[in-house]
file structure.cif (mmCIF, C-alpha atoms)
data_data
loop_
_atom_site.label_atom_id
_atom_site.label_comp_id
_atom_site.auth_asym_id
_atom_site.auth_seq_id
_atom_site.Cartn_x
_atom_site.Cartn_y
_atom_site.Cartn_z
CA MET A 1 -15.92 -18.23 23.13
CA LYS A 2 -12.93 -20.53 22.61
CA ASP A 3 -14.04 -21.12 19.05
CA LEU A 4 -14.01 -17.39 18.47
CA VAL A 5 -10.44 -17.25 19.80
CA ARG A 6 -9.43 -20.15 17.51
CA ILE A 7 -10.75 -18.26 14.51
CA LEU A 8 -9.46 -14.79 15.39
CA ILE A 9 -6.18 -15.41 17.21
CA ALA A 10 -3.91 -15.42 14.15
CA PRO A 11 -5.26 -12.22 12.54
CA LEU A 12 -5.29 -10.46 15.92
CA VAL A 13 -1.69 -11.41 16.63
CA TRP A 14 -0.72 -10.35 13.14
CA LEU A 15 -2.40 -6.98 13.80
CA ALA A 16 -0.39 -6.50 16.99
CA ALA A 17 2.86 -7.64 15.33
CA PHE A 18 2.30 -5.35 12.37
CA SER A 19 1.82 -2.37 14.68
CA ALA A 20 4.85 -3.37 16.74
CA VAL A 21 7.23 -3.79 13.78
CA TYR A 22 6.25 -0.53 12.11
CA GLY A 23 6.17 1.17 15.51
CA LEU A 24 9.75 -0.01 16.03
CA HIS A 25 10.55 1.32 12.56
CA GLY A 26 9.17 4.73 13.60
CA VAL A 27 11.12 4.73 16.87
CA ILE A 28 14.35 3.83 15.05
CA CYS A 29 13.93 6.70 12.60
CA GLY A 30 12.46 9.16 15.11
CA PHE A 31 15.32 8.70 17.58
CA ALA A 32 17.94 8.28 14.83
CA VAL A 33 19.07 4.91 16.18
CA ASP A 34 22.45 4.08 14.66
CA GLY A 35 25.44 1.92 15.49
CA THR A 36 26.47 -1.54 14.38
CA VAL A 37 26.20 -5.09 15.67
CA PHE A 38 28.55 -7.71 14.21
CA GLY A 39 29.29 -5.31 11.39
CA LEU A 40 25.62 -4.89 10.56
CA SER A 41 23.47 -1.82 11.07
CA LEU A 42 21.80 -1.97 14.51
CA ALA A 43 18.55 -0.60 13.08
CA ARG A 44 18.47 -3.29 10.39
CA VAL A 45 19.28 -6.03 12.93
CA LEU A 46 16.42 -4.84 15.18
CA LEU A 47 13.95 -4.76 12.30
CA VAL A 48 14.95 -8.17 10.95
CA THR A 49 14.77 -9.67 14.46
CA ALA A 50 11.28 -8.22 14.99
CA TYR A 51 10.23 -9.51 11.57
CA VAL A 52 11.50 -13.04 12.24
CA LEU A 53 9.87 -13.05 15.68
CA ALA A 54 6.54 -11.97 14.19
CA ILE A 55 6.69 -14.84 11.68
CA LEU A 56 7.75 -17.35 14.32
CA VAL A 57 4.79 -16.43 16.53
CA GLN A 58 2.44 -16.97 13.59
CA VAL A 59 4.05 -20.33 12.78
CA VAL A 60 3.64 -21.44 16.40
CA LEU A 61 0.00 -20.37 16.34
CA LEU A 62 -0.57 -22.31 13.12
CA TRP A 63 1.10 -25.36 14.63
CA ALA A 64 -1.16 -25.08 17.71
CA LEU A 65 -4.27 -24.80 15.56
CA TYR A 66 -3.41 -28.19 14.04
CA GLN A 67 -2.98 -29.89 17.45
CA ASP A 68 -5.80 -32.10 18.76
CA ARG A 69 -5.71 -30.61 22.24
CA PHE A 70 -6.41 -27.13 20.85
CA SER A 71 -8.99 -28.31 18.33
CA SER A 72 -12.68 -27.55 18.41
CA ALA A 73 -15.45 -30.15 18.25
CA SER A 74 -16.67 -28.33 15.16
CA VAL A 75 -15.06 -29.29 11.86
CA PHE A 76 -16.07 -25.92 10.43
CA VAL A 77 -14.37 -23.97 13.24
CA ASN A 78 -11.21 -26.03 12.82
CA PHE A 79 -11.19 -25.37 9.09
CA VAL A 80 -11.73 -21.60 9.47
CA GLY A 81 -9.24 -21.37 12.35
CA ARG A 82 -6.52 -23.13 10.37
CA ALA A 83 -7.30 -21.07 7.29
CA SER A 84 -6.96 -17.86 9.33
CA GLY A 85 -3.72 -19.29 10.75
CA TRP A 86 -2.32 -19.63 7.23
CA VAL A 87 -3.54 -16.14 6.44
CA GLY A 88 -1.67 -14.91 9.53
CA VAL A 89 1.60 -16.54 8.42
CA ILE A 90 1.35 -15.24 4.86
CA ALA A 91 0.28 -11.78 6.05
CA ALA A 92 3.20 -11.61 8.49
CA VAL A 93 5.73 -12.59 5.81
CA TRP A 94 4.29 -10.28 3.17
CA THR A 95 3.14 -7.13 4.93
CA MET A 96 6.25 -6.68 7.07
CA LEU A 97 8.70 -7.51 4.29
CA PRO A 98 9.14 -3.81 3.35
CA ALA A 99 10.42 -3.08 6.86
CA VAL A 100 13.39 -5.40 6.30
CA LEU A 101 13.97 -4.97 2.56
CA THR A 102 13.65 -1.27 1.91
CA THR A 103 15.58 1.75 3.13
CA TYR A 104 14.41 2.23 6.71
CA CYS A 105 14.83 5.99 7.16
CA GLY A 106 14.45 8.00 3.96
CA MET B 1 -23.85 9.39 -32.98
CA ALA B 2 -22.71 5.86 -33.61
CA PRO B 3 -21.34 3.98 -30.57
CA ARG B 4 -17.84 4.12 -32.08
CA GLY B 5 -18.09 7.90 -32.40
CA VAL B 6 -19.26 8.22 -28.80
CA ILE B 7 -16.32 6.13 -27.57
CA LEU B 8 -13.85 8.15 -29.64
CA ALA B 9 -15.29 11.48 -28.49
CA THR B 10 -15.36 10.56 -24.79
CA THR B 11 -11.87 9.07 -24.95
CA LEU B 12 -10.45 12.21 -26.56
CA LEU B 13 -12.29 14.32 -23.98
CA ALA B 14 -10.86 12.25 -21.14
CA LEU B 15 -7.33 12.28 -22.56
CA ASN B 16 -7.51 16.06 -22.88
CA GLY B 17 -7.35 16.18 -19.08
CA CYS B 18 -3.94 14.49 -19.19
CA ASP B 19 -2.34 17.48 -20.89
CA GLY B 20 -1.17 20.73 -19.33
CA ALA B 21 1.20 22.43 -16.94
CA THR B 22 0.23 20.23 -14.00
CA SER B 23 -0.03 16.94 -15.86
CA THR B 24 1.79 14.03 -14.24
CA LEU B 25 1.79 12.33 -17.64
CA GLN B 26 3.59 15.15 -19.45
CA THR B 27 6.81 14.37 -17.64
CA ALA B 28 9.87 16.63 -17.64
CA GLY B 29 12.19 14.83 -15.24
CA PRO B 30 13.39 11.32 -14.31
CA ALA B 31 11.36 10.98 -11.09
CA ALA B 32 8.12 12.02 -12.78
CA ARG B 33 8.89 9.64 -15.64
CA VAL B 34 9.25 6.65 -13.31
CA ILE B 35 5.96 7.54 -11.60
CA ALA B 36 4.22 7.99 -14.95
CA ASP B 37 5.52 4.59 -16.14
CA LEU B 38 3.98 2.99 -13.07
CA TRP B 39 0.72 4.86 -13.74
CA TRP B 40 0.60 3.58 -17.33
CA ALA B 41 1.36 0.01 -16.23
CA MET B 42 -1.43 0.23 -13.64
CA LEU B 43 -3.82 1.66 -16.22
CA VAL B 44 -3.11 -1.15 -18.70
CA GLY B 45 -3.48 -3.75 -15.93
CA ALA B 46 -6.72 -2.18 -14.70
CA VAL B 47 -8.16 -2.11 -18.22
CA LEU B 48 -7.26 -5.78 -18.80
CA ILE B 49 -8.79 -6.84 -15.48
CA PHE B 50 -11.89 -4.75 -16.15
CA MET B 51 -12.27 -6.41 -19.55
CA LEU B 52 -11.86 -9.85 -17.98
CA VAL B 53 -14.55 -9.09 -15.38
CA MET B 54 -16.91 -7.68 -18.01
CA ALA B 55 -16.34 -10.74 -20.22
CA LEU B 56 -17.21 -12.97 -17.27
CA VAL B 57 -20.36 -10.93 -16.59
CA VAL B 58 -21.43 -11.33 -20.22
CA LEU B 59 -20.55 -15.02 -20.09
CA ALA B 60 -22.77 -15.43 -17.04
CA PHE B 61 -25.76 -14.18 -19.05
CA VAL B 62 -24.96 -16.06 -22.25
CA ARG B 63 -23.80 -19.46 -21.03
CA ARG B 64 -26.29 -22.02 -19.79
CA SER B 65 -26.22 -22.77 -16.06
CA PRO B 66 -23.44 -25.24 -15.25
CA ASP B 67 -24.23 -28.39 -13.36
CA VAL B 68 -22.68 -27.15 -10.11
CA ALA B 69 -23.47 -30.27 -8.11
CA ALA B 70 -21.64 -32.47 -10.62
CA ASP B 71 -18.34 -30.62 -10.37
CA GLU B 72 -18.43 -28.59 -7.18
CA ARG B 73 -14.75 -29.03 -6.37
CA GLY B 74 -13.75 -27.88 -9.84
CA GLN B 75 -16.00 -24.83 -9.57
CA VAL B 76 -14.53 -23.92 -6.18
CA ARG B 77 -11.01 -24.37 -7.53
CA VAL B 78 -11.58 -22.05 -10.48
CA TRP B 79 -13.89 -19.36 -9.08
CA ILE B 80 -12.91 -19.18 -5.41
CA ILE B 81 -9.29 -20.29 -5.20
CA ALA B 82 -7.90 -19.27 -8.59
CA LEU B 83 -9.91 -16.18 -9.55
CA GLY B 84 -11.12 -15.15 -6.09
CA LEU B 85 -7.92 -15.59 -4.08
CA ALA B 86 -4.85 -16.30 -6.22
CA PHE B 87 -5.56 -13.75 -8.93
CA PRO B 88 -5.99 -10.65 -6.70
CA MET B 89 -3.08 -11.77 -4.52
CA VAL B 90 -0.77 -12.00 -7.53
CA VAL B 91 -1.94 -8.62 -8.84
CA LEU B 92 -1.46 -6.94 -5.44
CA ALA B 93 1.93 -8.64 -4.99
CA VAL B 94 3.15 -7.35 -8.36
CA LEU B 95 1.88 -3.85 -7.56
CA LEU B 96 3.58 -3.87 -4.17
CA GLY B 97 6.83 -5.06 -5.77
CA PHE B 98 6.69 -2.25 -8.32
CA GLY B 99 5.85 0.25 -5.59
CA LEU B 100 8.78 -0.78 -3.42
CA VAL B 101 11.31 -0.76 -6.25
CA ILE B 102 10.14 2.62 -7.56
CA GLY B 103 9.98 4.04 -4.04
CA GLU B 104 13.62 3.07 -3.53
CA ARG B 105 14.63 4.65 -6.85
CA LEU B 106 13.00 7.94 -5.87
CA LEU B 107 14.83 8.29 -2.55
CA PRO B 108 17.27 11.21 -2.22
CA ARG B 109 20.51 9.28 -1.81
CA ASP B 110 23.88 10.90 -1.03
CA ASP B 111 25.39 12.42 -4.13
CA VAL B 112 27.96 15.22 -4.33
CA THR B 113 26.42 16.60 -7.53
CA VAL B 114 23.07 17.28 -5.86
CA VAL B 115 22.04 20.92 -5.43
CA GLN B 116 20.53 21.69 -2.03
CA VAL B 117 17.61 24.08 -1.65
CA SER B 118 15.02 24.66 1.05
CA ALA B 119 11.31 25.29 0.70
CA GLN B 120 9.07 26.64 3.41
CA GLY B 121 5.33 26.81 3.01
CA GLN B 122 3.32 29.40 4.90
CA ARG B 123 -0.24 30.40 4.17
CA TRP B 124 -0.08 31.41 1.32
CA VAL B 125 3.47 31.85 0.11
CA TRP B 126 6.35 29.47 -0.60
CA THR B 127 9.79 30.78 0.43
CA PHE B 128 12.88 29.23 -1.10
CA SER B 129 16.52 29.46 -0.01
CA TYR B 130 19.69 28.09 -1.57
CA ALA B 131 22.74 26.37 -0.09
CA ASP B 132 24.86 27.62 -3.01
CA ALA B 133 23.76 31.22 -2.41
CA PRO B 134 23.53 31.80 1.35
CA GLY B 135 21.16 34.63 2.23
CA ARG B 136 19.43 34.45 -1.13
CA VAL B 137 15.67 34.02 -0.72
CA THR B 138 12.95 33.91 -3.35
CA GLU B 139 9.20 33.83 -2.94
CA ASP B 140 6.95 31.60 -5.04
CA ILE B 141 9.73 30.95 -7.60
CA LEU B 142 12.18 28.13 -7.01
CA HIS B 143 15.31 28.40 -9.16
CA ILE B 144 17.13 25.19 -10.04
CA PRO B 145 19.73 24.10 -12.60
CA ALA B 146 18.36 21.96 -15.44
CA GLY B 147 19.72 18.45 -15.89
CA GLN B 148 20.96 18.21 -12.33
CA PRO B 149 19.38 16.54 -9.31
CA VAL B 150 18.08 18.94 -6.67
CA ASP B 151 17.18 18.02 -3.09
CA VAL B 152 14.38 20.19 -1.77
CA SER B 153 14.23 20.27 2.02
CA ILE B 154 10.56 20.93 2.68
CA THR B 155 9.02 22.36 5.83
CA THR B 156 6.23 24.68 6.93
CA ALA B 157 5.87 27.65 9.25
CA ASP B 158 2.22 26.96 10.05
CA VAL B 159 -0.10 24.15 8.96
CA ILE B 160 0.63 21.08 6.86
CA HIS B 161 1.18 21.81 3.17
CA SER B 162 2.28 19.56 0.34
CA PHE B 163 5.01 20.43 -2.15
CA TRP B 164 4.20 19.15 -5.61
CA VAL B 165 5.62 19.85 -9.08
CA PRO B 166 3.65 17.29 -11.10
CA ARG B 167 5.87 17.34 -14.18
CA LEU B 168 9.09 16.87 -12.18
CA ALA B 169 8.39 14.50 -9.27
CA GLY B 170 5.90 13.16 -6.76
CA LYS B 171 4.50 15.17 -3.89
CA LEU B 172 5.82 15.42 -0.35
CA ASP B 173 4.19 16.88 2.75
CA ALA B 174 5.54 19.91 4.58
CA ILE B 175 5.19 19.07 8.28
CA PRO B 176 5.60 21.64 11.08
CA GLY B 177 8.90 21.16 12.92
CA ARG B 178 10.25 18.66 10.43
CA SER B 179 12.17 18.73 7.13
CA ASN B 180 11.28 16.20 4.46
CA VAL B 181 13.59 15.88 1.47
CA LEU B 182 12.29 15.46 -2.06
CA ARG B 183 14.58 14.98 -5.05
CA ILE B 184 13.52 16.75 -8.22
CA GLU B 185 15.21 17.18 -11.57
CA ALA B 186 14.23 19.01 -14.75
CA ASP B 187 15.44 17.62 -18.07
CA ALA B 188 15.50 21.02 -19.76
CA PRO B 189 15.41 24.73 -18.89
CA GLY B 190 11.94 26.19 -18.51
CA ASP B 191 9.18 27.00 -16.06
CA TYR B 192 7.30 24.22 -14.30
CA GLN B 193 4.16 24.81 -12.29
CA GLY B 194 4.08 23.75 -8.67
CA LEU B 195 1.25 23.64 -6.19
CA SER B 196 0.36 22.68 -2.69
CA ALA B 197 -1.50 19.40 -2.69
CA GLU B 198 -2.90 19.87 0.82
CA PHE B 199 -5.90 22.08 1.54
CA SER B 200 -4.86 24.92 3.83
CA GLY B 201 -7.65 27.46 3.97
CA GLU B 202 -9.48 30.14 2.03
CA ASN B 203 -6.67 31.21 -0.35
CA TYR B 204 -5.63 27.65 -1.06
CA ALA B 205 -6.77 27.81 -4.71
CA ASP B 206 -4.04 30.37 -5.51
CA PHE B 207 -1.36 28.75 -3.39
CA GLY B 208 1.03 27.76 -6.15
CA PHE B 209 4.60 28.43 -7.18
CA THR B 210 6.90 28.10 -10.17
CA VAL B 211 10.04 26.05 -10.57
CA ARG B 212 12.38 27.86 -12.95
CA ALA B 213 15.04 25.55 -14.41
CA HIS B 214 18.07 27.38 -15.79
CA ASP B 215 20.75 26.28 -18.20
CA ALA B 216 24.33 26.24 -16.82
CA ALA B 217 24.99 29.92 -17.59
CA GLY B 218 21.62 31.00 -16.21
CA TRP B 219 22.16 29.03 -13.01
CA ALA B 220 25.62 30.58 -12.56
CA ASP B 221 24.07 34.03 -13.03
CA PHE B 222 21.38 33.25 -10.47
CA ILE B 223 23.89 32.03 -7.90
CA ALA B 224 26.00 35.15 -8.53
CA GLY B 225 22.90 37.26 -7.85
CA GLU B 226 22.61 38.61 -11.36
CA THR B 227 19.04 37.41 -11.92
CA GLU B 228 15.94 37.63 -9.75
#
call {"tool": "encode", "arguments": {"input": "structure.cif", "output": "structure tokens"}}
result
Amino acid sequence: MKDLVRILIAPLVWLAAFSAVYGLHGVICGFAVDGTVFGLSLARVLLVTAYVLAILVQVVLLWALYQDRFSSASVFVNFVGRASGWVGVIAAVWTMLPAVLTTYCG
Amino acid sequence: MAPRGVILATTLLALNGCDGATSTLQTAGPAARVIADLWWAMLVGAVLIFMLVMALVVLAFVRRSPDVAADERGQVRVWIIALGLAFPMVVLAVLLGFGLVIGERLLPRDDVTVVQVSAQGQRWVWTFSYADAPGRVTEDILHIPAGQPVDVSITTADVIHSFWVPRLAGKLDAIPGRSNVLRIEADAPGDYQGLSAEFSGENYADFGFTVRAHDAAGWADFIAGETE
């Protein structure tokens, strides 16, 4: 069971983060969130913060997957778990990039 | 028929479908042109990738079996990492980049020269109104000035429809209770065929409209109420 968690944790967390960031994007546009923080658009600050948090969580997960105390006895499970951890980091950076780079409410 | 003749005939037959009043490739406005450019780039890319894959398939039949055991790491590097992972990732990354840039260029940004019109879909008629001519309403014909950007505020009185003038711009859904704005522009005066790109019931096949682009004098006449 723990091995399954090691393999799936990064993609599952990415899935949740993806839904959360784009959900936030929908809430911002749906409720016409405006205003500024430190001279920056509040909506953009919220989206960038959510994006950075999503990446940080994936980086922490990847770091944990390389730690001995979280490792499996199986070399194969460790390899697949770490590979899925890298996939999680890259997926977080790439798939949520439009939320911070493009116009957020067309 | 020789193979070359078959290829020529089928290609001409296929290309014939790219012509006509609702062709996205016969562009008549800047937004449609940008979309068509992306389509052509994707077509060229798809053809090149298809040819690469077909060449590899042929190679697999022609070439003698490699000694996999002798160079397993090299095989993994080429076939799994380079062609299996890196190649599709680069292709998808480039496509996403293009998509984002073009998507940004198509957005209806604030501009004082933009003409504002409204479109409401209702089974099975499109009703258009004009900010420059309050109270003026037309059915199934949208009048616009040629050579000038026009923001169409799209909504629906019943089910979801989709406003689409293939030669002028992309399509945008008409959602109940919401207005979505699509920017269109016609390079030259003329009639452009529009249609709903969302199935909406039994009369859907005839649920179209016309965009009539006027020259400056014609647009002034329309706004003044001198043309229908």
call {"tool": "interface_residues", "arguments": {"input": "structure.cif", "of": "chain A", "to": "chain B", "cutoff": "10 Å", "atoms": "all atoms listed in the file", "output": "PyMOL selection string"}}
result
chain A and resi 94-95+98+101-103+105-106
call {"tool": "resolve_selection", "arguments": {"input": "structure.cif", "expression": "the PyMOL selection byres ((chain A and resi 92) around 8)", "output": "NGL selection string"}}
result
:A and (14 or 17-18 or 51 or 54-55 or 58 or 88-91 or 93-96)
call {"tool": "resolve_selection", "arguments": {"input": "structure.cif", "expression": "the PyMOL selection byres ((chain A and resi 9) around 12)", "output": "NGL selection string"}}
result
:A and (1-8 or 10-16 or 57-58 or 60-62 or 64-65 or 80-89)
call {"tool": "resolve_selection", "arguments": {"input": "structure.cif", "expression": "the PyMOL selection byres ((chain B and resi 212) around 12)", "output": "CSV table (one decimal) with C-alpha atoms, in the frame of the given file"}}
result
chain,number,residue,atom,x,y,z
B,128,PHE,CA,12.9,29.2,-1.1
B,138,THR,CA,13.0,33.9,-3.4
B,140,ASP,CA,7.0,31.6,-5.0
B,141,ILE,CA,9.7,31.0,-7.6
B,142,LEU,CA,12.2,28.1,-7.0
B,143,HIS,CA,15.3,28.4,-9.2
B,144,ILE,CA,17.1,25.2,-10.0
B,145,PRO,CA,19.7,24.1,-12.6
B,146,ALA,CA,18.4,22.0,-15.4
B,165,VAL,CA,5.6,19.8,-9.1
B,168,LEU,CA,9.1,16.9,-12.2
B,185,GLU,CA,15.2,17.2,-11.6
B,186,ALA,CA,14.2,19.0,-14.8
B,187,ASP,CA,15.4,17.6,-18.1
B,188,ALA,CA,15.5,21.0,-19.8
B,189,PRO,CA,15.4,24.7,-18.9
B,190,GLY,CA,11.9,26.2,-18.5
B,191,ASP,CA,9.2,27.0,-16.1
B,192,TYR,CA,7.3,24.2,-14.3
B,193,GLN,CA,4.2,24.8,-12.3
B,194,GLY,CA,4.1,23.8,-8.7
B,209,PHE,CA,4.6,28.4,-7.2
B,210,THR,CA,6.9,28.1,-10.2
B,211,VAL,CA,10.0,26.0,-10.6
B,213,ALA,CA,15.0,25.6,-14.4
B,214,HIS,CA,18.1,27.4,-15.8
B,215,ASP,CA,20.8,26.3,-18.2
B,218,GLY,CA,21.6,31.0,-16.2
B,219,TRP,CA,22.2,29.0,-13.0
B,222,PHE,CA,21.4,33.2,-10.5
B,227,THR,CA,19.0,37.4,-11.9
B,228,GLU,CA,15.9,37.6,-9.8
call {"tool": "residues_around", "arguments": {"input": "structure.cif", "residues": "A:Phe31", "least_positions_apart": "4", "cutoff": "12 Å", "atoms": "only C-alpha atoms", "output": "ChimeraX atom specification"}}
result
/A:24-27,43,105
call {"tool": "atom_distance", "arguments": {"input": "structure.cif", "atom1": "atom CA of B:Ser23", "atom2": "atom CA of B:Trp40"}}
result
13.5 Å
call {"tool": "atom_distance", "arguments": {"input": "structure.cif", "atom1": "atom CA of B:Trp164", "atom2": "atom CA of B:Gly208"}}
result
9.2 Å
call {"tool": "residues_around", "arguments": {"input": "structure.cif", "residues": "A:Asp34", "least_positions_apart": "2", "cutoff": "12 Å", "atoms": "all atoms listed in the file", "output": "VMD selection string"}}
result
chain A and resid 27 to 32 36 to 37 40 to 46 104 to 105
call {"tool": "write_last_selection", "arguments": {"input": "structure.cif", "atoms": "C-alpha atoms", "output": "mmCIF file, in the coordinates of the input"}}
result
data_model
loop_
_atom_site.group_PDB
_atom_site.id
_atom_site.type_symbol
_atom_site.label_atom_id
_atom_site.label_comp_id
_atom_site.auth_asym_id
_atom_site.auth_seq_id
_atom_site.Cartn_x
_atom_site.Cartn_y
_atom_site.Cartn_z
ATOM 1 C CA VAL A 27 11.120 4.730 16.870
ATOM 2 C CA ILE A 28 14.350 3.830 15.050
ATOM 3 C CA CYS A 29 13.930 6.700 12.600
ATOM 4 C CA GLY A 30 12.460 9.160 15.110
ATOM 5 C CA PHE A 31 15.320 8.700 17.580
ATOM 6 C CA ALA A 32 17.940 8.280 14.830
ATOM 7 C CA THR A 36 26.470 -1.540 14.380
ATOM 8 C CA VAL A 37 26.200 -5.090 15.670
ATOM 9 C CA LEU A 40 25.620 -4.890 10.560
ATOM 10 C CA SER A 41 23.470 -1.820 11.070
ATOM 11 C CA LEU A 42 21.800 -1.970 14.510
ATOM 12 C CA ALA A 43 18.550 -0.600 13.080
ATOM 13 C CA ARG A 44 18.470 -3.290 10.390
ATOM 14 C CA VAL A 45 19.280 -6.030 12.930
ATOM 15 C CA LEU A 46 16.420 -4.840 15.180
ATOM 16 C CA TYR A 104 14.410 2.230 6.710
ATOM 17 C CA CYS A 105 14.830 5.990 7.160
#
call {"tool": "residues_around", "arguments": {"input": "structure.cif", "residues": "B:Arg178", "least_positions_apart": "6", "cutoff": "12 Å", "atoms": "only C-alpha atoms", "output": "ChimeraX atom specification"}}
result
/A:30 /B:119-120,153-160
call {"tool": "atom_distance", "arguments": {"input": "structure.cif", "atom1": "atom CA of B:Ala36", "atom2": "atom CA of B:Arg183"}}
result
15.9 Å
call {"tool": "closest_residue", "arguments": {"input": "structure.cif", "among": "B:Phe199, B:Gly147, B:Phe50, B:Gly121", "to": "B:Ile175", "atoms": "all atoms listed in the file"}}
result
B:Gly121
call {"tool": "axis_aligned_box", "arguments": {"input": "structure.cif", "around": "stretch 140-156 of chain B", "padding_each_side": "4 Å", "output": "lines of an AutoDock Vina configuration file"}}
result
center_x = 13.6
center_y = 24.1
center_z = -4.5
size_x = 22.7
size_y = 23.1
size_z = 30.8
call {"tool": "closest_residue", "arguments": {"input": "structure.cif", "among": "A:Val75, A:Val100, A:Val59, A:Leu47", "to": "A:Val33", "atoms": "all atoms listed in the file"}}
result
A:Leu47
call {"tool": "residues_around", "arguments": {"input": "structure.cif", "residues": "B:Ala205", "least_positions_apart": "4", "cutoff": "10 Å", "atoms": "only C-alpha atoms", "output": "ChimeraX atom specification"}}
result
/B:124,195-196,199-201
call {"tool": "residues_around", "arguments": {"input": "structure.cif", "residues": "B:Leu95", "least_positions_apart": "6", "cutoff": "12 Å", "atoms": "all atoms listed in the file", "output": "list of chain:residue names"}}
result
B:Leu38, B:Trp39, B:Ala41, B:Met42, B:Leu43, B:Gly45, B:Ala46, B:Pro88, B:Met89, B:Val101, B:Ile102, B:Gly103
call {"tool": "build_atoms", "arguments": {"input": "structure.cif", "residues": "stretch 68-73 of chain A", "atoms": "all heavy atoms", "output": "PDB file, keeping the file's coordinate frame"}}
result
ATOM      1  N   ASP A  68      -4.506 -31.588  18.287  1.00  0.00           N
ATOM      2  CA  ASP A  68      -5.800 -32.100  18.760  1.00  0.00           C
ATOM      3  C   ASP A  68      -6.260 -31.401  20.036  1.00  0.00           C
ATOM      4  O   ASP A  68      -7.436 -31.093  20.209  1.00  0.00           O
ATOM      5  CB  ASP A  68      -5.712 -33.612  18.996  1.00  0.00           C
ATOM      6  CG  ASP A  68      -5.654 -34.355  17.670  1.00  0.00           C
ATOM      7  OD1 ASP A  68      -6.043 -33.741  16.648  1.00  0.00           O
ATOM      8  OD2 ASP A  68      -5.208 -35.512  17.649  1.00  0.00           O
ATOM      9  N   ARG A  69      -5.291 -31.155  20.944  1.00  0.00           N
ATOM     10  CA  ARG A  69      -5.710 -30.610  22.240  1.00  0.00           C
ATOM     11  C   ARG A  69      -6.203 -29.163  22.132  1.00  0.00           C
ATOM     12  O   ARG A  69      -6.846 -28.647  23.038  1.00  0.00           O
ATOM     13  CB  ARG A  69      -4.589 -30.709  23.272  1.00  0.00           C
ATOM     14  CG  ARG A  69      -3.308 -30.006  22.890  1.00  0.00           C
ATOM     15  CD  ARG A  69      -2.298 -30.199  23.998  1.00  0.00           C
ATOM     16  NE  ARG A  69      -0.979 -29.721  23.597  1.00  0.00           N
ATOM     17  CZ  ARG A  69      -0.140 -29.146  24.418  1.00  0.00           C
ATOM     18  NH1 ARG A  69      -0.466 -28.985  25.688  1.00  0.00           N
ATOM     19  NH2 ARG A  69       1.035 -28.757  24.003  1.00  0.00           N
ATOM     20  N   PHE A  70      -5.886 -28.491  21.042  1.00  0.00           N
ATOM     21  CA  PHE A  70      -6.410 -27.130  20.850  1.00  0.00           C
ATOM     22  C   PHE A  70      -7.552 -27.104  19.843  1.00  0.00           C
ATOM     23  O   PHE A  70      -8.040 -26.038  19.491  1.00  0.00           O
ATOM     24  CB  PHE A  70      -5.295 -26.202  20.367  1.00  0.00           C
ATOM     25  CG  PHE A  70      -4.186 -26.006  21.361  1.00  0.00           C
ATOM     26  CD1 PHE A  70      -2.880 -26.347  21.054  1.00  0.00           C
ATOM     27  CD2 PHE A  70      -4.454 -25.481  22.624  1.00  0.00           C
ATOM     28  CE1 PHE A  70      -1.855 -26.179  21.970  1.00  0.00           C
ATOM     29  CE2 PHE A  70      -3.433 -25.315  23.551  1.00  0.00           C
ATOM     30  CZ  PHE A  70      -2.134 -25.670  23.237  1.00  0.00           C
ATOM     31  N   SER A  71      -7.962 -28.269  19.374  1.00  0.00           N
ATOM     32  CA  SER A  71      -8.990 -28.310  18.330  1.00  0.00           C
ATOM     33  C   SER A  71     -10.385 -28.134  18.907  1.00  0.00           C
ATOM     34  O   SER A  71     -10.633 -28.405  20.077  1.00  0.00           O
ATOM     35  CB  SER A  71      -8.930 -29.638  17.587  1.00  0.00           C
ATOM     36  OG  SER A  71      -7.765 -29.699  16.821  1.00  0.00           O
ATOM     37  N   SER A  72     -11.280 -27.695  18.032  1.00  0.00           N
ATOM     38  CA  SER A  72     -12.680 -27.550  18.410  1.00  0.00           C
ATOM     39  C   SER A  72     -13.421 -28.841  18.054  1.00  0.00           C
ATOM     40  O   SER A  72     -12.944 -29.653  17.250  1.00  0.00           O
ATOM     41  CB  SER A  72     -13.275 -26.371  17.631  1.00  0.00           C
ATOM     42  OG  SER A  72     -14.664 -26.386  17.701  1.00  0.00           O
ATOM     43  N   ALA A  73     -14.599 -29.001  18.625  1.00  0.00           N
ATOM     44  CA  ALA A  73     -15.450 -30.150  18.250  1.00  0.00           C
ATOM     45  C   ALA A  73     -16.044 -29.917  16.871  1.00  0.00           C
ATOM     46  O   ALA A  73     -16.469 -30.862  16.202  1.00  0.00           O
ATOM     47  CB  ALA A  73     -16.551 -30.313  19.293  1.00  0.00           C
TER      48      ALA A  73
END
